[in-house]
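Next up, my_file11.pdb (PDB, C-alpha atoms and all ligand atoms):
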```pdb
ATOM      1  CA  MET S   1      -4.876  11.218  59.765
ATOM      2  CA  LYS S   2      -8.165  10.518  57.992
ATOM      3  CA  HIS S   3      -8.217  14.027  56.536
ATOM      4  CA  TYR S   4      -4.689  13.585  55.338
ATOM      5  CA  LEU S   5      -5.607  10.342  53.505
ATOM      6  CA  VAL S   6      -8.614  11.998  51.859
ATOM      7  CA  LEU S   7      -6.412  14.862  50.740
ATOM      8  CA  VAL S   8      -3.828  12.480  49.266
ATOM      9  CA  LEU S   9      -6.521  10.538  47.410
ATOM     10  CA  ALA S  10      -8.096  13.746  46.130
ATOM     11  CA  LEU S  11      -4.721  14.982  44.947
ATOM     12  CA  ALA S  12      -4.030  11.670  43.259
ATOM     13  CA  ALA S  13      -7.420  11.810  41.518
ATOM     14  CA  LEU S  14      -6.758  15.371  40.413
ATOM     15  CA  LEU S  15      -3.340  14.437  39.140
ATOM     16  CA  MET S  16      -4.696  11.441  37.246
ATOM     17  CA  SER S  17      -7.481  13.406  35.622
ATOM     18  CA  GLY S  18      -4.908  16.055  34.776
ATOM     19  CA  ILE S  19      -2.727  13.429  33.121
ATOM     20  CA  GLY S  20      -5.734  12.113  31.242
ATOM     21  CA  MET S  21      -6.630  15.564  30.005
ATOM     22  CA  ALA S  22      -3.058  16.230  28.984
ATOM     23  CA  ALA S  23      -3.014  12.991  26.977
ATOM     24  CA  ALA S  24      -6.252  13.895  25.205
ATOM     25  CA  GLN S  25      -4.995  17.409  24.505
ATOM     26  CA  ASP S  26      -1.678  15.996  23.286
ATOM     27  CA  THR S  27      -3.421  14.309  20.369
ATOM     28  CA  ARG S  28      -4.124  17.341  18.254
ATOM     29  CA  LEU S  29      -4.497  15.352  15.087
ATOM     30  CA  ASN S  30      -6.255  12.007  15.110
ATOM     31  CA  ILE S  31      -5.675  10.503  11.662
ATOM     32  CA  VAL S  32      -7.313   7.327  10.379
ATOM     33  CA  THR S  33      -5.809   5.660   7.302
ATOM     34  CA  THR S  34      -7.192   2.859   5.138
ATOM     35  CA  THR S  35      -4.625   0.667   3.325
ATOM     36  CA  THR S  36      -1.281  -0.514   4.688
ATOM     37  CA  GLN S  37       0.572   1.661   2.153
ATOM     38  CA  VAL S  38      -1.291   4.817   3.166
ATOM     39  CA  THR S  39      -0.702   4.015   6.848
ATOM     40  CA  ASP S  40       3.032   3.552   6.223
ATOM     41  CA  LEU S  41       3.330   6.836   4.305
ATOM     42  CA  THR S  42       1.404   8.760   6.968
ATOM     43  CA  GLN S  43       3.585   7.324   9.743
ATOM     44  CA  ILE S  44       6.768   8.228   7.859
ATOM     45  CA  LEU S  45       5.651  11.806   7.176
ATOM     46  CA  THR S  46       4.466  12.440  10.747
ATOM     47  CA  GLU S  47       7.649  11.076  12.339
ATOM     48  CA  GLY S  48       9.025  13.462  14.948
ATOM     49  CA  VAL S  49       5.758  15.387  15.290
ATOM     50  CA  SER S  50       4.086  15.034  18.685
ATOM     51  CA  GLY S  51       0.338  15.038  19.132
ATOM     52  CA  VAL S  52      -0.428  13.057  15.979
ATOM     53  CA  ALA S  53      -2.070   9.637  16.235
ATOM     54  CA  VAL S  54      -2.244   7.388  13.166
ATOM     55  CA  THR S  55      -4.711   4.472  13.126
ATOM     56  CA  GLY S  56      -4.629   2.140  10.124
ATOM     57  CA  LEU S  57      -7.788   0.175   9.339
ATOM     58  CA  MET S  58      -6.540  -2.598   7.024
ATOM     59  CA  GLY S  59      -3.932  -5.127   8.074
ATOM     60  CA  ALA S  60      -1.404  -7.213   6.165
ATOM     61  CA  GLY S  61      -2.845  -9.410   3.414
ATOM     62  CA  VAL S  62      -6.167  -7.561   3.353
ATOM     63  CA  ASP S  63      -7.771  -7.005  -0.057
ATOM     64  CA  PRO S  64      -8.880  -3.340  -0.155
ATOM     65  CA  HIS S  65     -11.174  -3.867  -3.170
ATOM     66  CA  VAL S  66     -13.618  -5.880  -1.085
ATOM     67  CA  TYR S  67     -12.849  -4.513   2.388
ATOM     68  CA  GLN S  68     -15.919  -3.634   4.444
ATOM     69  CA  PRO S  69     -15.559  -1.436   7.534
ATOM     70  CA  THR S  70     -15.904  -3.229  10.878
ATOM     71  CA  ALA S  71     -17.671  -1.781  13.937
ATOM     72  CA  SER S  72     -14.336  -0.727  15.443
ATOM     73  CA  ASP S  73     -13.357   0.910  12.137
ATOM     74  CA  VAL S  74     -16.541   2.965  12.264
ATOM     75  CA  SER S  75     -15.809   4.164  15.797
ATOM     76  CA  ALA S  76     -12.212   4.996  14.827
ATOM     77  CA  LEU S  77     -13.505   6.923  11.799
ATOM     78  CA  ASN S  78     -16.062   8.752  13.927
ATOM     79  CA  ALA S  79     -13.311   9.933  16.281
ATOM     80  CA  ALA S  80     -10.992  11.074  13.452
ATOM     81  CA  ASN S  81     -10.055  14.647  12.541
ATOM     82  CA  ALA S  82      -8.727  13.481   9.183
ATOM     83  CA  VAL S  83      -9.101  10.350   7.064
ATOM     84  CA  PHE S  84      -6.474   9.505   4.440
ATOM     85  CA  TYR S  85      -7.320   6.870   1.846
ATOM     86  CA  SER S  86      -5.735   5.553  -1.340
ATOM     87  CA  GLY S  87      -8.530   6.523  -3.723
ATOM     88  CA  LEU S  88      -9.312   5.916  -7.415
ATOM     89  CA  PHE S  89     -12.048   3.606  -6.090
ATOM     90  CA  LEU S  90      -9.525   1.150  -4.638
ATOM     91  CA  GLU S  91     -11.527   1.078  -1.410
ATOM     92  CA  GLY S  92     -14.802   0.635  -3.278
ATOM     93  CA  GLU S  93     -16.741  -0.734  -0.322
ATOM     94  CA  LEU S  94     -15.703   2.232   1.835
ATOM     95  CA  SER S  95     -16.962   4.952  -0.506
ATOM     96  CA  ASP S  96     -20.334   5.358   1.246
ATOM     97  CA  THR S  97     -18.600   5.618   4.620
ATOM     98  CA  LEU S  98     -16.130   8.187   3.255
ATOM     99  CA  ASP S  99     -18.969  10.202   1.686
ATOM    100  CA  ALA S 100     -20.854  10.196   4.981
ATOM    101  CA  LEU S 101     -17.777  11.393   6.887
ATOM    102  CA  GLU S 102     -17.194  14.159   4.365
ATOM    103  CA  ALA S 103     -20.819  15.236   4.638
ATOM    104  CA  ARG S 104     -20.308  15.519   8.401
ATOM    105  CA  GLY S 105     -17.350  17.832   7.840
ATOM    106  CA  VAL S 106     -14.560  15.338   8.571
ATOM    107  CA  PHE S 107     -11.478  16.076   6.477
ATOM    108  CA  THR S 108     -10.901  13.278   3.946
ATOM    109  CA  TYR S 109      -8.050  13.091   1.459
ATOM    110  CA  ALA S 110      -7.182  10.632  -1.324
ATOM    111  CA  VAL S 111      -3.424  10.057  -1.340
ATOM    112  CA  SER S 112      -3.652   9.331  -5.090
ATOM    113  CA  SER S 113      -5.012  12.796  -5.897
ATOM    114  CA  PRO S 114      -1.673  14.466  -6.906
ATOM    115  CA  VAL S 115      -0.978  11.525  -9.243
ATOM    116  CA  ASP S 116      -4.455  11.798 -10.700
ATOM    117  CA  GLU S 117      -4.150  15.580 -11.096
ATOM    118  CA  ALA S 118      -0.774  15.211 -12.824
ATOM    119  CA  GLY S 119      -2.391  12.855 -15.348
ATOM    120  CA  PHE S 120      -0.193   9.897 -14.406
ATOM    121  CA  THR S 121      -2.986   7.384 -13.922
ATOM    122  CA  PHE S 122      -3.973   4.731 -16.434
ATOM    123  CA  GLY S 123      -7.562   4.838 -17.507
ATOM    124  CA  GLY S 124     -10.107   2.474 -18.921
ATOM    125  CA  ALA S 125      -9.803  -0.194 -16.270
ATOM    126  CA  THR S 126     -12.815  -2.124 -15.113
ATOM    127  CA  LEU S 127     -13.075  -2.740 -11.399
ATOM    128  CA  SER S 128     -16.516  -4.289 -11.373
ATOM    129  CA  ALA S 129     -19.714  -4.401 -13.374
ATOM    130  CA  GLU S 130     -20.950  -1.195 -11.701
ATOM    131  CA  LEU S 131     -17.737   0.748 -12.172
ATOM    132  CA  THR S 132     -16.594   1.142 -15.744
ATOM    133  CA  ASP S 133     -14.096   3.628 -17.128
ATOM    134  CA  VAL S 134     -12.509   4.325 -13.767
ATOM    135  CA  ASP S 135      -8.754   4.668 -13.486
ATOM    136  CA  ASP S 136      -6.495   1.826 -12.428
ATOM    137  CA  PRO S 137      -6.099   2.384  -8.672
ATOM    138  CA  HIS S 138      -2.696   0.664  -8.212
ATOM    139  CA  PHE S 139      -0.723   3.890  -8.754
ATOM    140  CA  TRP S 140       1.758   3.197  -5.897
ATOM    141  CA  PHE S 141       3.610   0.579  -7.937
ATOM    142  CA  ASP S 142       5.474   3.325  -9.768
ATOM    143  CA  PRO S 143       7.852   4.793  -7.135
ATOM    144  CA  ARG S 144       7.665   8.130  -8.963
ATOM    145  CA  ASN S 145       3.923   8.183  -8.284
ATOM    146  CA  TRP S 146       4.595   7.385  -4.628
ATOM    147  CA  GLN S 147       6.971  10.364  -4.481
ATOM    148  CA  LEU S 148       4.176  12.606  -5.772
ATOM    149  CA  ALA S 149       1.834  11.091  -3.219
ATOM    150  CA  ALA S 150       4.352  11.793  -0.437
ATOM    151  CA  GLU S 151       4.736  15.439  -1.489
ATOM    152  CA  GLY S 152       0.974  15.886  -1.689
ATOM    153  CA  LEU S 153       0.359  14.269   1.666
ATOM    154  CA  ALA S 154       3.086  16.393   3.297
ATOM    155  CA  GLU S 155       1.356  19.516   1.970
ATOM    156  CA  THR S 156      -1.988  18.275   3.234
ATOM    157  CA  LEU S 157      -0.525  17.595   6.686
ATOM    158  CA  ALA S 158       0.981  21.085   6.664
ATOM    159  CA  GLN S 159      -2.453  22.570   5.993
ATOM    160  CA  LEU S 160      -3.938  20.597   8.868
ATOM    161  CA  ASP S 161      -1.036  21.361  11.212
ATOM    162  CA  PRO S 162       0.856  24.448   9.947
ATOM    163  CA  ALA S 163       3.131  24.625  13.013
ATOM    164  CA  ASN S 164       4.898  21.438  11.853
ATOM    165  CA  ALA S 165       4.915  22.169   8.114
ATOM    166  CA  ALA S 166       8.721  22.178   7.969
ATOM    167  CA  THR S 167       8.949  18.712   9.539
ATOM    168  CA  TYR S 168       6.393  17.238   7.124
ATOM    169  CA  ALA S 169       8.256  18.750   4.156
ATOM    170  CA  ALA S 170      11.642  17.517   5.425
ATOM    171  CA  ASN S 171      10.278  14.013   6.044
ATOM    172  CA  ALA S 172       8.830  13.926   2.521
ATOM    173  CA  GLN S 173      12.107  15.107   1.031
ATOM    174  CA  ALA S 174      14.179  12.507   2.880
ATOM    175  CA  TYR S 175      11.723   9.769   1.934
ATOM    176  CA  SER S 176      11.681  10.869  -1.692
ATOM    177  CA  ALA S 177      15.480  10.580  -1.809
ATOM    178  CA  GLN S 178      15.162   6.979  -0.553
ATOM    179  CA  LEU S 179      12.518   6.262  -3.194
ATOM    180  CA  ASP S 180      14.938   7.544  -5.858
ATOM    181  CA  LEU S 181      17.547   5.055  -4.658
ATOM    182  CA  LEU S 182      15.011   2.232  -4.534
ATOM    183  CA  TYR S 183      13.795   3.001  -8.043
ATOM    184  CA  SER S 184      17.308   3.109  -9.532
ATOM    185  CA  TRP S 185      18.234  -0.132  -7.778
ATOM    186  CA  GLY S 186      15.027  -1.802  -8.999
ATOM    187  CA  GLN S 187      15.553  -0.710 -12.588
ATOM    188  CA  GLU S 188      19.136  -1.933 -12.597
ATOM    189  CA  ALA S 189      18.277  -5.168 -10.782
ATOM    190  CA  LEU S 190      15.406  -6.084 -13.134
ATOM    191  CA  ALA S 191      17.414  -5.198 -16.238
ATOM    192  CA  VAL S 192      19.295  -8.514 -15.956
ATOM    193  CA  VAL S 193      16.175 -10.232 -17.311
ATOM    194  CA  PRO S 194      16.314 -10.073 -21.119
ATOM    195  CA  GLU S 195      13.637  -7.744 -22.485
ATOM    196  CA  ALA S 196      11.847 -10.504 -24.416
ATOM    197  CA  GLN S 197      11.378 -12.474 -21.183
ATOM    198  CA  ARG S 198       9.949  -9.616 -19.120
ATOM    199  CA  TYR S 199       6.383 -10.798 -18.680
ATOM    200  CA  LEU S 200       4.752 -10.430 -15.305
ATOM    201  CA  ILE S 201       1.654 -12.631 -15.075
ATOM    202  CA  THR S 202      -0.348 -12.158 -11.892
ATOM    203  CA  SER S 203      -3.702 -13.118 -10.416
ATOM    204  CA  HIS S 204      -5.176  -9.630 -10.727
ATOM    205  CA  ASP S 205      -4.144  -6.659 -12.800
ATOM    206  CA  ALA S 206      -2.339  -4.674 -10.098
ATOM    207  CA  PHE S 207       1.019  -4.240 -11.849
ATOM    208  CA  GLN S 208       0.393  -1.943 -14.828
ATOM    209  CA  TYR S 209       2.200   0.928 -13.109
ATOM    210  CA  PHE S 210       4.999  -1.405 -12.078
ATOM    211  CA  GLY S 211       5.329  -2.560 -15.688
ATOM    212  CA  ASP S 212       5.471   1.041 -16.865
ATOM    213  CA  ALA S 213       8.066   2.012 -14.250
ATOM    214  CA  PHE S 214      10.354  -0.975 -14.777
ATOM    215  CA  GLY S 215       9.782  -1.902 -18.426
ATOM    216  CA  TRP S 216       7.810  -5.128 -18.040
ATOM    217  CA  GLN S 217       4.746  -6.359 -19.891
ATOM    218  CA  VAL S 218       2.023  -7.326 -17.452
ATOM    219  CA  ARG S 219      -1.141  -9.359 -17.608
ATOM    220  CA  GLY S 220      -3.517 -10.169 -14.785
ATOM    221  CA  LEU S 221      -6.057 -12.954 -14.717
ATOM    222  CA  GLN S 222      -8.726 -10.796 -13.119
ATOM    223  CA  GLY S 223      -9.178  -7.146 -14.054
ATOM    224  CA  THR S 224      -7.901  -4.321 -11.865
ATOM    225  CA  GLY S 225     -10.489  -5.284  -9.253
ATOM    226  CA  THR S 226     -11.104  -8.539  -7.425
ATOM    227  CA  LEU S 227     -14.880  -8.405  -7.026
ATOM    228  CA  THR S 228     -15.614 -10.704  -9.945
ATOM    229  CA  GLU S 229     -13.908 -14.068 -10.213
ATOM    230  CA  ALA S 230     -12.103 -15.084 -13.369
ATOM    231  CA  SER S 231     -14.098 -17.296 -15.715
ATOM    232  CA  ALA S 232     -12.916 -20.602 -17.169
ATOM    233  CA  ALA S 233     -12.506 -18.793 -20.493
ATOM    234  CA  ASP S 234     -10.278 -16.128 -18.845
ATOM    235  CA  ILE S 235      -8.121 -18.878 -17.334
ATOM    236  CA  GLN S 236      -7.852 -20.712 -20.621
ATOM    237  CA  SER S 237      -6.986 -17.593 -22.566
ATOM    238  CA  LEU S 238      -4.220 -16.555 -20.145
ATOM    239  CA  ALA S 239      -2.883 -20.122 -19.952
ATOM    240  CA  GLY S 240      -2.697 -20.131 -23.751
ATOM    241  CA  PHE S 241      -0.792 -16.842 -23.716
ATOM    242  CA  VAL S 242       1.684 -18.112 -21.091
ATOM    243  CA  ALA S 243       2.320 -21.292 -23.053
ATOM    244  CA  ALA S 244       2.633 -19.494 -26.406
ATOM    245  CA  GLN S 245       5.115 -16.939 -25.045
ATOM    246  CA  GLY S 246       7.065 -19.598 -23.149
ATOM    247  CA  ILE S 247       6.722 -17.609 -19.915
ATOM    248  CA  PRO S 248       8.491 -19.682 -17.236
ATOM    249  CA  VAL S 249       6.677 -18.449 -14.124
ATOM    250  CA  VAL S 250       3.404 -16.841 -13.024
ATOM    251  CA  PHE S 251       2.605 -15.187  -9.708
ATOM    252  CA  VAL S 252      -0.057 -15.144  -7.037
ATOM    253  CA  GLU S 253      -0.523 -12.243  -4.641
ATOM    254  CA  SER S 254      -0.460 -12.094  -0.865
ATOM    255  CA  SER S 255      -3.920 -10.514  -0.819
ATOM    256  CA  ALA S 256      -5.446 -12.951  -3.336
ATOM    257  CA  SER S 257      -8.274 -15.332  -2.421
ATOM    258  CA  SER S 258      -7.704 -19.106  -2.442
ATOM    259  CA  SER S 259      -9.822 -19.442  -5.585
ATOM    260  CA  ALA S 260      -7.575 -16.898  -7.322
ATOM    261  CA  VAL S 261      -4.546 -18.962  -6.275
ATOM    262  CA  GLN S 262      -6.133 -22.133  -7.696
ATOM    263  CA  ALA S 263      -6.949 -20.281 -10.908
ATOM    264  CA  MET S 264      -3.294 -19.253 -11.268
ATOM    265  CA  GLN S 265      -2.233 -22.871 -10.819
ATOM    266  CA  GLN S 266      -4.471 -23.675 -13.780
ATOM    267  CA  VAL S 267      -2.926 -20.790 -15.735
ATOM    268  CA  ALA S 268       0.537 -22.176 -15.031
ATOM    269  CA  GLY S 269      -0.597 -25.634 -16.125
ATOM    270  CA  GLY S 270       2.352 -27.979 -16.534
ATOM    271  CA  ALA S 271       4.416 -25.480 -18.492
ATOM    272  CA  ALA S 272       5.072 -22.612 -16.072
ATOM    273  CA  GLY S 273       5.956 -22.509 -12.388
ATOM    274  CA  ILE S 274       4.446 -20.418  -9.599
ATOM    275  CA  GLY S 275       6.634 -17.664  -8.133
ATOM    276  CA  VAL S 276       8.922 -18.554  -5.197
ATOM    277  CA  ARG S 277       6.588 -16.534  -2.941
ATOM    278  CA  PRO S 278       3.433 -14.483  -3.455
ATOM    279  CA  LEU S 279       3.875 -10.906  -4.637
ATOM    280  CA  TYR S 280       2.652  -8.065  -2.485
ATOM    281  CA  ALA S 281       0.047  -6.281  -4.553
ATOM    282  CA  ASP S 282      -2.653  -4.396  -2.678
ATOM    283  CA  ALA S 283      -1.398  -5.031   0.859
ATOM    284  CA  MET S 284       2.037  -5.007   2.426
ATOM    285  CA  GLY S 285       3.478  -7.657   4.766
ATOM    286  CA  GLU S 286       3.104  -7.909   8.542
ATOM    287  CA  PRO S 287       4.199  -4.784  10.448
ATOM    288  CA  ASN S 288       7.902  -4.936  11.393
ATOM    289  CA  SER S 289       8.595  -7.604   8.764
ATOM    290  CA  PHE S 290      10.773  -6.672   5.774
ATOM    291  CA  GLY S 291       7.730  -6.458   3.505
ATOM    292  CA  GLY S 292       5.822  -4.464   6.119
ATOM    293  CA  SER S 293       6.754  -1.092   4.628
ATOM    294  CA  TYR S 294       6.156   0.315   1.155
ATOM    295  CA  MET S 295       9.874   0.235   0.371
ATOM    296  CA  GLY S 296      10.299  -3.297   1.711
ATOM    297  CA  MET S 297       7.197  -4.411  -0.171
ATOM    298  CA  LEU S 298       8.491  -3.112  -3.497
ATOM    299  CA  ALA S 299      11.987  -4.496  -2.870
ATOM    300  CA  THR S 300      10.491  -7.885  -1.942
ATOM    301  CA  ASP S 301       8.473  -7.999  -5.155
ATOM    302  CA  ILE S 302      11.555  -7.209  -7.232
ATOM    303  CA  ILE S 303      13.589  -9.862  -5.374
ATOM    304  CA  THR S 304      10.739 -12.384  -5.773
ATOM    305  CA  ILE S 305      10.515 -11.736  -9.524
ATOM    306  CA  LEU S 306      14.276 -12.103 -10.007
ATOM    307  CA  GLN S 307      14.512 -15.285  -7.943
ATOM    308  CA  SER S 308      11.456 -16.798  -9.642
ATOM    309  CA  PHE S 309      12.991 -16.132 -13.060
ATOM    310  CA  GLY S 310      16.260 -17.612 -11.797
ATOM    311  CA  TYR S 311      18.439 -14.500 -11.666
ATOM    312  CA  ASP S 312      20.787 -13.126  -9.004
ATOM    313  CA  VAL S 313      19.662 -10.130  -6.971
ATOM    314  CA  LEU S 314      21.713  -6.951  -7.223
ATOM    315  CA  PRO S 315      22.853  -5.823  -3.733
ATOM    316  CA  PHE S 316      21.219  -2.664  -2.346
ATOM    317  CA  PRO S 317      23.230   0.551  -2.628
ATOM    318  CA  ALA S 318      24.863   1.611   0.660
ATOM    319  CA  ASP S 319      22.691   4.712   1.059
ATOM    320  CA  LEU S 320      19.419   2.809   0.667
ATOM    321  CA  ASP S 321      18.053   2.397   4.180
ATOM    322  CA  LEU S 322      16.556  -1.090   3.823
ATOM    323  CA  GLN S 323      17.558  -3.691   6.356
ATOM    324  CA  GLY S 324      16.299  -7.198   6.917
ATOM    325  CA  ALA S 325      16.263  -8.638   3.387
ATOM    326  CA  GLN S 326      18.732 -11.389   4.359
ATOM    327  CA  ALA S 327      15.983 -13.960   4.918
ATOM    328  CA  LEU S 328      14.667 -13.330   1.404
ATOM    329  CA  LEU S 329      18.106 -13.502  -0.122
ATOM    330  CA  GLY S 330      18.917 -16.726   1.709
ATOM    331  CA  SER S 331      22.189 -15.362   3.085
TER     332      SER S 331
HETATM  333 ZN    ZN S 401      -5.936  -4.455  -6.683
END
```

Output the structure of this file as C-alpha cells.
Ligand SMILES: [Zn+2]
Amino acid sequence: MKHYLVLVLALAALLMSGIGMAAAQDTRLNIVTTTTQVTDLTQILTEGVSGVAVTGLMGAGVDPHVYQPTASDVSALNAANAVFYSGLFLEGELSDTLDALEARGVFTYAVSSPVDEAGFTFGGATLSAELTDVDDPHFWFDPRNWQLAAEGLAETLAQLDPANAATYAANAQAYSAQLDLLYSWGQEALAVVPEAQRYLITSHDAFQYFGDAFGWQVRGLQGTGTLTEASAADIQSLAGFVAAQGIPVVFVESSASSSAVQAMQQVAGGAAGIGVRPLYADAMGEPNSFGGSYMGMLATDIITILQSFGYDVLPFPADLDLQGAQALLGS
C-alpha cells in the first residue's frame, strides 16, 4: 500500500513537471511591448497563433514620453525573445534599456520604422531640450500610417516565426481592411464641421498626423513631448490664438498631467469650452473598454471632437467591427 502511494505521488510529480515543461515549451515567442497601441497591434496580429505570449509594459493613461521602466518591466524585458516599441523617441526614457537589450542580442523592433522608411513622418519637432530635430513620434494618428505599421510588424513576426507567416499576413490584411473603413468613416464624420472651424487645440502636440489625415489644423500647448511644462507665455500666446480665431472648444488628453489640464483651462479662458471628455493621445483607454483598442481610441477621439463642437456623429458602417460606442453616443 505504501509503495503504491509513493508510486502515485511520483507519477503525479512527473506529470506535473511534464505539464510545466510543456507550458514553457509552448511559449516559443515571448514578446514584450511598450505602449498600449503597440500592445494592441501585436495582440491583433498574433491572434490564432499558439505559443506566443504578449506582455505590455504601459497601461491606460500612461504618458510614454516620461515613462521609466519598473523592476517588473526589467524582468519581463530580460525574459523576452523580442521587444516591440513605438519608436521615433516616443519612449525617450526607455532608450538606454532598449540599447542594452539590443547589445545583449535581444531582438528589438520599432513599429514606426516602415512609416519612417517611407518618409511619412513629420520632422523638426522638439521633444525636449536634449532632443532637437527628431521626428514627431505620434505617427499612429494617421490610420494609413498604422496600416503600414501593421504590415511591417506582420513581416517582422513572420521572420521571427516563419511557420505562422501566413496567419500574420492574413491578420494584417483583415485589420488593414478595418482601418480603411474606420478612416473613411472618420473623414466623412468630421467633414460636417465647416473647414474654417476645424481647429484642434490640445495640451500637447500629438495630433499633427491626425490633422494631416483628416484635414484639421492643430496646435498643442506643449511641443510634441511632455518633458517640459508650458510657460506662462506659451499659455498666453495660445489663449490669444483661440480667442482671435473664435475657436469654441479646446481639449485635454487622457495621458496629460494635472498641470497640463490646468494650463488648458487657462488657454480656454472664458471664451472657449473644454472638450466633453479628454482625448486619447499617447495612451488608449482601459483594456476591454471601447477606447481600449487603437480603433476604439481613434473612433472615440473623433466622436469626442464632434460632440464637443456640437455636431451629430455619423453612424458606423455595417462592416466596421466596432461595438460598444453606445455609452459615448448617449443612446
Ligand atoms: Zn505625445

### Task
Please write the residues picked by the PyMOL selection byres (((chain S and resi 61) around 10) and not hetatm) on this file as a ChimeraX atom specification.
/S:36,58-60,62-64,253-257,280-286

So that I have them on file, write out the residues from the current selection with C-alpha atoms, as a compact mmCIF listing (two decimals), in the frame of the given file.
```txt
# COMPACT_ATOMS: atom_id res chain seq x y z
CA THR S 36 -1.28 -0.51 4.69
CA MET S 58 -6.54 -2.60 7.02
CA GLY S 59 -3.93 -5.13 8.07
CA ALA S 60 -1.40 -7.21 6.16
CA VAL S 62 -6.17 -7.56 3.35
CA ASP S 63 -7.77 -7.00 -0.06
CA PRO S 64 -8.88 -3.34 -0.16
CA GLU S 253 -0.52 -12.24 -4.64
CA SER S 254 -0.46 -12.09 -0.86
CA SER S 255 -3.92 -10.51 -0.82
CA ALA S 256 -5.45 -12.95 -3.34
CA SER S 257 -8.27 -15.33 -2.42
CA TYR S 280 2.65 -8.06 -2.48
CA ALA S 281 0.05 -6.28 -4.55
CA ASP S 282 -2.65 -4.40 -2.68
CA ALA S 283 -1.40 -5.03 0.86
CA MET S 284 2.04 -5.01 2.43
CA GLY S 285 3.48 -7.66 4.77
CA GLU S 286 3.10 -7.91 8.54
```

### Task
Just the residues within 12 Å of Ile31 in chain S, please, counting all atoms listed in the file, with nothing from its chain fewer than 6 positions along; format it as a VMD selection string.
chain S and resid 38 to 39 42 to 43 46 51 to 57 76 to 85 106 to 109 157 160 to 161

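Each of S:Val261, S:Leu101, S:Ala233, S:Ala325 was compared to Gly296 in chain S using all atoms listed in the file, and S:Ala325 turns out to be the nearest.
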
### Query
When the cut-off is 7 Å and you count only C-alpha atoms and all ligand atoms, which residues lie near ligand ZN 401 (chain S), shown as a VMD selection string?
chain S and resid 65 90 138 204 to 206 224 to 226 281 to 282

Preceding selection exported with C-alpha atoms as a compact mmCIF listing (two decimals), in the frame of the given file:
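Below you can see selection.txt, which holds the result:
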```
# COMPACT_ATOMS: atom_id res chain seq x y z
CA HIS S 65 -11.17 -3.87 -3.17
CA LEU S 90 -9.52 1.15 -4.64
CA HIS S 138 -2.70 0.66 -8.21
CA HIS S 204 -5.18 -9.63 -10.73
CA ASP S 205 -4.14 -6.66 -12.80
CA ALA S 206 -2.34 -4.67 -10.10
CA THR S 224 -7.90 -4.32 -11.86
CA GLY S 225 -10.49 -5.28 -9.25
CA THR S 226 -11.10 -8.54 -7.42
CA ALA S 281 0.05 -6.28 -4.55
CA ASP S 282 -2.65 -4.40 -2.68
```

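Between CA of Glu93 in chain S and CA of Leu227 in chain S lies a distance of 10.4 Å.
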
#### Entry: Result set of the PyMOL selection byres (((chain S and resi 321-323) around 12) and not hetatm) on the coordinates above, as number ranges by chain
S: 174-175, 177-182, 185, 288-300, 315-320, 324-329
